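Here's model14.cif, which has mmCIF, C-alpha atoms:
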```
data_protein
#
loop_
_atom_site.label_atom_id
_atom_site.label_comp_id
_atom_site.auth_asym_id
_atom_site.auth_seq_id
_atom_site.Cartn_x
_atom_site.Cartn_y
_atom_site.Cartn_z
CA MET R 370 28.11 -13.56 -40.64
CA TYR R 371 27.22 -11.04 -37.96
CA ARG R 372 28.04 -7.91 -39.91
CA PHE R 373 24.32 -7.28 -40.20
CA LEU R 374 24.41 -6.13 -36.58
CA LEU R 375 26.05 -2.93 -37.83
CA THR R 376 23.24 -2.07 -40.25
CA PRO R 377 20.97 0.90 -39.37
CA ARG R 378 18.03 -1.44 -38.72
CA TRP R 379 19.96 -3.48 -36.19
CA TRP R 380 21.52 -0.40 -34.66
CA GLY R 381 17.98 0.74 -33.85
CA ILE R 382 17.06 -2.66 -32.41
CA ASN R 383 20.23 -2.83 -30.31
CA VAL R 384 19.80 0.68 -28.92
CA PHE R 385 16.20 -0.08 -27.98
CA VAL R 386 17.26 -3.28 -26.17
CA LEU R 387 20.12 -1.55 -24.35
CA LEU R 388 17.71 1.12 -23.10
CA ALA R 389 14.71 -1.12 -22.39
CA ILE R 390 16.48 -3.71 -20.22
CA PRO R 391 17.97 -1.23 -17.68
CA PHE R 392 14.68 0.64 -17.57
CA CYS R 393 12.70 -2.53 -16.81
CA VAL R 394 15.24 -3.61 -14.17
CA PHE R 395 15.14 -0.14 -12.58
CA MET R 396 11.34 -0.08 -12.44
CA GLY R 397 11.21 -3.63 -11.08
CA SER R 398 13.78 -2.78 -8.40
CA TRP R 399 11.85 0.37 -7.47
CA GLN R 400 8.58 -1.55 -7.09
CA LEU R 401 10.41 -4.16 -4.99
CA SER R 402 11.81 -1.43 -2.75
CA ARG R 403 8.27 -0.06 -2.29
CA PHE R 404 7.10 -3.52 -1.21
CA GLU R 405 10.05 -3.84 1.19
CA ASP R 406 9.26 -0.40 2.65
CA ARG R 407 5.69 -1.48 3.29
CA MET R 408 6.96 -4.69 4.89
CA GLN R 409 9.24 -2.66 7.14
CA ASP R 410 6.42 -0.26 8.05
CA HIS R 411 4.22 -3.24 8.85
CA ARG R 412 6.85 -4.82 11.10
CA ALA R 413 7.55 -1.53 12.88
CA ALA R 414 3.84 -0.79 13.36
CA THR R 415 3.23 -4.31 14.68
CA GLU R 416 6.06 -3.94 17.18
CA ARG R 417 4.71 -0.60 18.40
CA ILE R 418 1.27 -2.03 19.15
CA ASP R 419 2.63 -5.24 20.70
CA PRO R 420 2.59 -4.75 24.49
CA ALA R 421 5.74 -6.85 24.85
CA ASP R 422 7.79 -4.69 22.47
CA ARG R 423 6.61 -1.17 23.20
CA ALA R 424 8.74 1.51 24.78
CA PRO R 425 7.74 3.04 28.14
CA ALA R 426 4.92 5.56 28.15
CA ARG R 427 5.80 9.13 27.25
CA PRO R 428 3.89 12.38 27.75
CA LEU R 429 1.29 13.00 25.08
CA ASP R 430 2.84 16.28 23.90
CA GLU R 431 6.10 14.48 23.02
CA LEU R 432 4.26 12.15 20.61
CA LEU R 433 2.22 14.71 18.70
CA PRO R 434 1.43 15.05 15.87
CA VAL R 435 0.58 11.41 15.28
CA ASP R 436 2.38 9.77 12.38
CA LYS R 437 3.61 6.31 11.39
CA GLU R 438 6.44 6.58 13.91
CA THR R 439 4.33 7.51 16.94
CA SER R 440 1.05 5.71 16.21
CA GLY R 441 0.70 2.83 18.67
CA GLU R 442 3.17 4.28 21.16
CA LEU R 443 2.21 4.43 24.82
CA ALA R 444 1.12 7.92 25.85
CA THR R 445 0.34 9.29 29.29
CA VAL R 446 -1.74 12.38 29.97
CA SER R 447 -3.54 13.95 32.92
CA GLY R 448 -6.84 15.80 33.09
CA ARG R 449 -10.49 15.53 34.03
CA TYR R 450 -13.08 13.46 32.21
CA GLY R 451 -15.92 15.36 30.62
CA GLU R 452 -18.54 14.50 28.01
CA GLN R 453 -19.07 10.85 27.12
CA LEU R 454 -20.06 9.44 23.72
CA LEU R 455 -20.66 6.02 22.23
CA VAL R 456 -19.12 4.62 19.05
CA PRO R 457 -21.51 1.93 17.73
CA ASN R 458 -20.96 -1.08 15.45
CA ARG R 459 -17.39 -1.87 16.44
CA GLU R 460 -16.19 -5.46 16.34
CA LEU R 461 -13.94 -7.11 18.90
CA ASP R 462 -13.11 -10.81 19.10
CA GLY R 463 -15.68 -11.54 16.39
CA ARG R 464 -18.55 -9.82 18.20
CA THR R 465 -20.27 -6.51 17.48
CA GLY R 466 -20.51 -3.92 20.19
CA PHE R 467 -19.63 -0.32 20.91
CA TYR R 468 -16.80 1.78 22.28
CA VAL R 469 -17.24 4.00 25.32
CA LEU R 470 -15.51 7.24 24.39
CA THR R 471 -14.91 9.92 27.01
CA LEU R 472 -13.26 13.29 26.47
CA LEU R 473 -10.37 14.07 28.78
CA ARG R 474 -9.88 17.80 29.34
CA THR R 475 -6.20 18.53 29.89
CA ASP R 476 -4.47 21.50 31.52
CA GLU R 477 -3.79 22.87 28.03
CA GLY R 478 -7.52 23.53 27.69
CA LYS R 479 -8.02 20.88 24.99
CA ALA R 480 -9.97 17.63 25.04
CA LEU R 481 -8.48 14.26 24.16
CA PRO R 482 -10.85 11.44 23.08
CA VAL R 483 -10.17 8.40 25.28
CA VAL R 484 -11.64 4.97 24.48
CA ARG R 485 -12.14 3.57 27.95
CA GLY R 486 -13.35 0.18 26.73
CA TRP R 487 -15.75 -1.90 24.65
CA LEU R 488 -19.09 -3.48 25.47
CA PRO R 489 -21.02 -6.05 23.40
CA GLY R 490 -24.43 -5.43 21.85
CA ALA R 491 -26.23 -2.32 20.68
CA ALA R 492 -24.98 1.07 21.84
CA ASP R 493 -26.79 1.97 25.06
CA ALA R 494 -25.79 4.94 27.20
CA ASP R 495 -27.35 3.33 30.29
CA ARG R 496 -24.89 0.43 30.05
CA ALA R 497 -21.82 2.63 29.69
CA PRO R 498 -20.02 3.05 33.03
CA ALA R 499 -19.52 6.60 34.23
CA ALA R 500 -16.02 7.98 34.01
CA PRO R 501 -13.95 8.50 37.18
CA SER R 502 -14.30 11.94 38.72
CA GLY R 503 -11.55 14.33 39.66
CA GLU R 504 -8.02 14.57 38.29
CA VAL R 505 -6.86 11.39 36.59
CA THR R 506 -3.76 10.24 34.75
CA VAL R 507 -4.40 7.79 31.94
CA THR R 508 -2.04 5.65 29.88
CA GLY R 509 -2.94 4.17 26.55
CA SER R 510 -1.97 3.57 22.95
CA LEU R 511 -1.85 6.69 20.82
CA GLN R 512 -3.94 6.50 17.64
CA ALA R 513 -4.41 8.77 14.63
CA SER R 514 -7.82 10.24 13.88
CA GLU R 515 -10.03 7.77 12.05
CA THR R 516 -11.27 8.14 8.50
CA PRO R 517 -14.67 6.57 7.74
CA GLY R 518 -14.39 3.76 5.22
CA SER R 519 -10.79 2.86 6.02
CA ASN R 520 -9.10 0.58 8.57
CA GLY R 521 -12.43 -1.04 9.33
CA VAL R 522 -14.18 2.22 10.30
CA PRO R 523 -17.82 2.02 9.13
CA VAL R 524 -19.45 4.83 7.19
CA GLN R 525 -22.58 5.79 9.08
CA GLY R 526 -24.94 8.70 9.26
CA GLY R 527 -28.04 9.72 11.14
CA LEU R 528 -26.83 8.40 14.49
CA PRO R 529 -28.72 9.25 17.69
CA ALA R 530 -27.49 12.04 19.93
CA GLY R 531 -24.49 11.06 22.00
CA GLN R 532 -23.02 8.78 19.32
CA THR R 533 -20.32 9.19 16.69
CA SER R 534 -19.30 6.92 13.83
CA ALA R 535 -15.61 7.89 13.80
CA ILE R 536 -13.11 8.99 16.40
CA SER R 537 -11.62 12.14 14.97
CA ALA R 538 -11.57 15.86 15.54
CA ALA R 539 -13.51 16.35 12.30
CA ALA R 540 -16.30 14.02 13.42
CA LEU R 541 -16.49 15.37 16.98
CA VAL R 542 -16.16 19.09 16.31
CA ASN R 543 -19.94 19.50 15.93
CA LEU R 544 -20.77 17.25 18.88
CA VAL R 545 -18.71 18.78 21.67
CA PRO R 546 -17.79 22.38 22.51
CA ASP R 547 -14.16 21.65 23.35
CA ASP R 548 -11.04 22.31 21.32
CA LEU R 549 -9.92 18.81 20.33
CA TYR R 550 -6.62 17.04 19.86
CA ASP R 551 -6.21 15.52 16.41
CA ALA R 552 -5.55 12.14 18.04
CA TRP R 553 -7.04 9.72 20.55
CA ILE R 554 -5.88 6.97 22.87
CA THR R 555 -7.25 3.58 23.84
CA LEU R 556 -6.62 2.50 27.41
CA ASP R 557 -4.51 -0.61 27.90
CA LYS R 558 -6.67 -1.51 30.90
CA ALA R 559 -10.35 -0.83 30.36
CA ASP R 560 -12.48 0.78 33.06
CA SER R 561 -15.32 -0.80 35.05
CA GLY R 562 -15.61 -4.29 33.57
CA MET R 563 -15.32 -3.20 29.95
CA LYS R 564 -12.96 -4.89 27.52
CA ALA R 565 -9.84 -3.03 26.42
CA VAL R 566 -9.75 -2.02 22.75
CA PRO R 567 -6.43 -3.03 21.16
CA ALA R 568 -4.44 -0.51 19.19
CA THR R 569 -4.42 -0.79 15.41
CA ALA R 570 -1.62 -0.14 12.96
CA PRO R 571 -1.80 3.18 11.09
CA GLN R 572 -3.07 3.35 7.54
CA ASP R 573 -0.75 2.31 4.69
CA THR R 574 1.44 0.19 6.99
CA GLY R 575 -0.26 -3.17 6.62
CA LEU R 576 0.16 -5.93 4.05
CA ASP R 577 -2.80 -4.68 2.08
CA LEU R 578 -3.69 -4.78 -1.61
CA LYS R 579 -1.28 -1.94 -2.41
CA ALA R 580 1.65 -3.89 -0.96
CA PHE R 581 0.91 -6.95 -3.08
CA GLN R 582 0.33 -4.73 -6.12
CA ASN R 583 3.91 -3.49 -5.70
CA LEU R 584 5.09 -7.09 -5.56
CA GLY R 585 3.07 -7.96 -8.66
CA TYR R 586 4.45 -4.97 -10.58
CA THR R 587 7.95 -6.09 -9.59
CA GLY R 588 7.38 -9.43 -11.30
CA GLU R 589 5.88 -7.77 -14.37
CA TRP R 590 8.84 -5.46 -14.94
CA PHE R 591 11.36 -8.30 -14.63
CA VAL R 592 9.25 -10.39 -17.02
CA PHE R 593 9.30 -7.49 -19.49
CA ALA R 594 13.09 -7.37 -19.25
CA GLY R 595 13.31 -11.10 -19.93
CA PHE R 596 10.87 -10.75 -22.84
CA VAL R 597 13.02 -8.05 -24.45
CA VAL R 598 16.09 -10.32 -24.24
CA PHE R 599 14.10 -13.26 -25.61
CA MET R 600 12.81 -11.26 -28.59
CA TRP R 601 16.31 -9.93 -29.37
CA PHE R 602 17.75 -13.45 -29.50
CA ARG R 603 14.80 -14.62 -31.56
CA LEU R 604 15.29 -11.85 -34.14
CA LEU R 605 19.03 -12.54 -34.17
CA ARG R 606 18.45 -16.24 -34.79
CA ARG R 607 16.01 -15.57 -37.62
CA GLU R 608 18.46 -13.18 -39.27
CA VAL R 609 21.31 -15.70 -39.04
CA GLU R 610 19.13 -18.50 -40.42
CA PHE R 611 18.05 -16.26 -43.31
CA LEU R 612 21.67 -15.44 -44.22
CA ARG R 613 22.70 -19.09 -44.02
CA ASP R 614 19.83 -20.10 -46.29
CA ALA R 615 20.87 -17.40 -48.74
CA GLU R 616 24.49 -18.65 -48.76
CA LEU R 617 23.33 -22.22 -49.40
CA GLY R 618 21.07 -21.09 -52.24
CA LEU R 619 17.96 -22.24 -50.47
CA LEU R 620 16.19 -18.95 -51.08
CA PRO R 621 14.55 -18.34 -54.49
CA ASP R 622 16.42 -15.86 -56.66
CA THR R 623 14.92 -12.41 -56.71
CA ALA R 624 15.05 -12.19 -60.50
CA ASP R 625 13.34 -15.56 -60.87
CA ARG R 626 10.59 -14.42 -58.54
CA ALA R 627 10.11 -11.25 -60.57
CA ASP R 628 9.85 -13.28 -63.86
CA ASP R 629 7.29 -15.59 -62.28
CA ASP R 630 5.26 -12.60 -61.15
CA ARG R 631 5.29 -11.07 -64.66
CA SER R 632 4.28 -14.40 -66.23
CA ARG R 633 1.30 -14.68 -63.93
CA GLU R 634 0.27 -11.12 -64.76
CA ALA R 635 0.49 -11.87 -68.53
CA GLU R 636 -1.74 -14.91 -68.36
CA PRO R 637 -5.27 -14.20 -69.65
CA ALA R 638 -7.98 -14.01 -67.08
CA PRO R 639 -10.31 -17.06 -67.09
#
```
Can you present the structure in this file as C-alpha cells?
Amino acid sequence: MYRFLLTPRWWGINVFVLLAIPFCVFMGSWQLSRFEDRMQDHRAATERIDPADRAPARPLDELLPVDKETSGELATVSGRYGEQLLVPNRELDGRTGFYVLTLLRTDEGKALPVVRGWLPGAADADRAPAAPSGEVTVTGSLQASETPGSNGVPVQGGLPAGQTSAISAAALVNLVPDDLYDAWITLDKADSGMKAVPATAPQDTGLDLKAFQNLGYTGEWFVFAGFVVFMWFRLLRREVEFLRDAELGLLPDTADRADDDRSREAEPAP
C-alpha cells in the first residue's frame, strides 16, 4: 500500500519535508533566543538603573566607553563646573519642563555634561540655579549620548542660544569650546530645589516593537513547521484513498474514459 512513498515524486516530497521542518524549527528557536536576549537585556538594564540594585559608584574612567553593561551604573567624577545649558521640552512625572545641564571640567581637560536637575515649564535661564563654585565631586547615573528621535528625545531645531535638544558630544560640539566626553551623567540628588532626572535604559534593551516582532516571528516559524507536517499527512491520505479506490474499482477505467472522449469528439456539432 505504501510503496508509492518510494516513487521519485514522493522522494522529492519527503526530502523537502525533512529539510523544511528542521529549518523552520531552527529559525523559530533563533527568533525565540533573540526575544530572550532582549528580555535579559531589559532585566539587566532595569536593575542597573534601580537605586536599590545598583553597585557602588565607580570612577568615571572605569566605566567608559558607555555600553549596555555600563549604562545606568553609578559614576563619580571630580572637577569644576563651567558653562551651563538648558535642554527644553523634557517630560517628568507627566509634566513638561527642561533639564539644567552644566559642563563639568575634569582634571583630564575634558568636559562632562551633567544634568543637575529638572524644572517645570518653559526653558528659562533666569530660573536655572547657578552651579556650585570651586572643586566638586559629583555622583550620578552614567548615560550614553542621546540620539534625537529615539528613547523619547525630541527632534528640534532653531533653539535659542544656550539651549540644546540632545545631550551628546555631537550636539554640543558647536555650542561649547571644550573637548567633550561621549557620555553624560544625571545626578541622583538634584541641586538647589530641582527635581532629579531618573536614569533611562539604553537603546535596544527595552520591551519595544523589535522584541515583540521577534516573538511574533517565533510563532510564525513554528506554525510553518506545523503546516508542512499537516500538508504531508494530507497528501499521504489523499494518495492512500486514491489507491484504495483504484483497488475497489471505484475509479473509471482509463480506456473507458478515452473511448468516451473520442465519442464526444465524433459527435456532430449542433
Explicit residue set for the PyMOL selection byres ((chain R and resi 494) around 10), as an MDAnalysis selection string: chainID R and resid 453:455 469 491:493 495:499 531:532
Shell of 12 Å around R:Val545, only C-alpha atoms, local chain residues under 2 positions omitted, as a ChimeraX atom specification: /R:451-454,471-474,479-482,530-533,537-543,547-549
Export C-alpha atoms of the chosen residues as a JSON list (two decimals), in the frame of the given file?
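part.json was written with the following content:
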```
[["chain", "number", "residue", "atom", "x", "y", "z"],
["R", 451, "GLY", "CA", -15.92, 15.36, 30.62],
["R", 452, "GLU", "CA", -18.54, 14.50, 28.01],
["R", 453, "GLN", "CA", -19.07, 10.85, 27.12],
["R", 454, "LEU", "CA", -20.06, 9.44, 23.72],
["R", 471, "THR", "CA", -14.91, 9.92, 27.01],
["R", 472, "LEU", "CA", -13.26, 13.29, 26.47],
["R", 473, "LEU", "CA", -10.37, 14.07, 28.78],
["R", 474, "ARG", "CA", -9.88, 17.80, 29.34],
["R", 479, "LYS", "CA", -8.02, 20.88, 24.99],
["R", 480, "ALA", "CA", -9.97, 17.63, 25.04],
["R", 481, "LEU", "CA", -8.48, 14.26, 24.16],
["R", 482, "PRO", "CA", -10.85, 11.44, 23.08],
["R", 530, "ALA", "CA", -27.49, 12.04, 19.93],
["R", 531, "GLY", "CA", -24.49, 11.06, 22.00],
["R", 532, "GLN", "CA", -23.02, 8.78, 19.32],
["R", 533, "THR", "CA", -20.32, 9.19, 16.69],
["R", 537, "SER", "CA", -11.62, 12.14, 14.97],
["R", 538, "ALA", "CA", -11.57, 15.86, 15.54],
["R", 539, "ALA", "CA", -13.51, 16.35, 12.30],
["R", 540, "ALA", "CA", -16.30, 14.02, 13.42],
["R", 541, "LEU", "CA", -16.49, 15.37, 16.98],
["R", 542, "VAL", "CA", -16.16, 19.09, 16.31],
["R", 543, "ASN", "CA", -19.94, 19.50, 15.93],
["R", 547, "ASP", "CA", -14.16, 21.65, 23.35],
["R", 548, "ASP", "CA", -11.04, 22.31, 21.32],
["R", 549, "LEU", "CA", -9.92, 18.81, 20.33]]
```
Protein/DNA/RNA residues near (22.3, -11.6, -27.4), cut 12 Å, all atoms listed in the file, as a PyMOL selection string: chain R and resi 371+374+382-383+386-387+595+597-606
Between atom CA of R:Glu589 and atom CA of R:Ser398 - distance in Å to one decimal: 11.1 Å
From R:Leu433, R:Ala535, R:Thr569, R:Phe404, residue lying nearest R:Leu461 [only C-alpha atoms]: R:Thr569
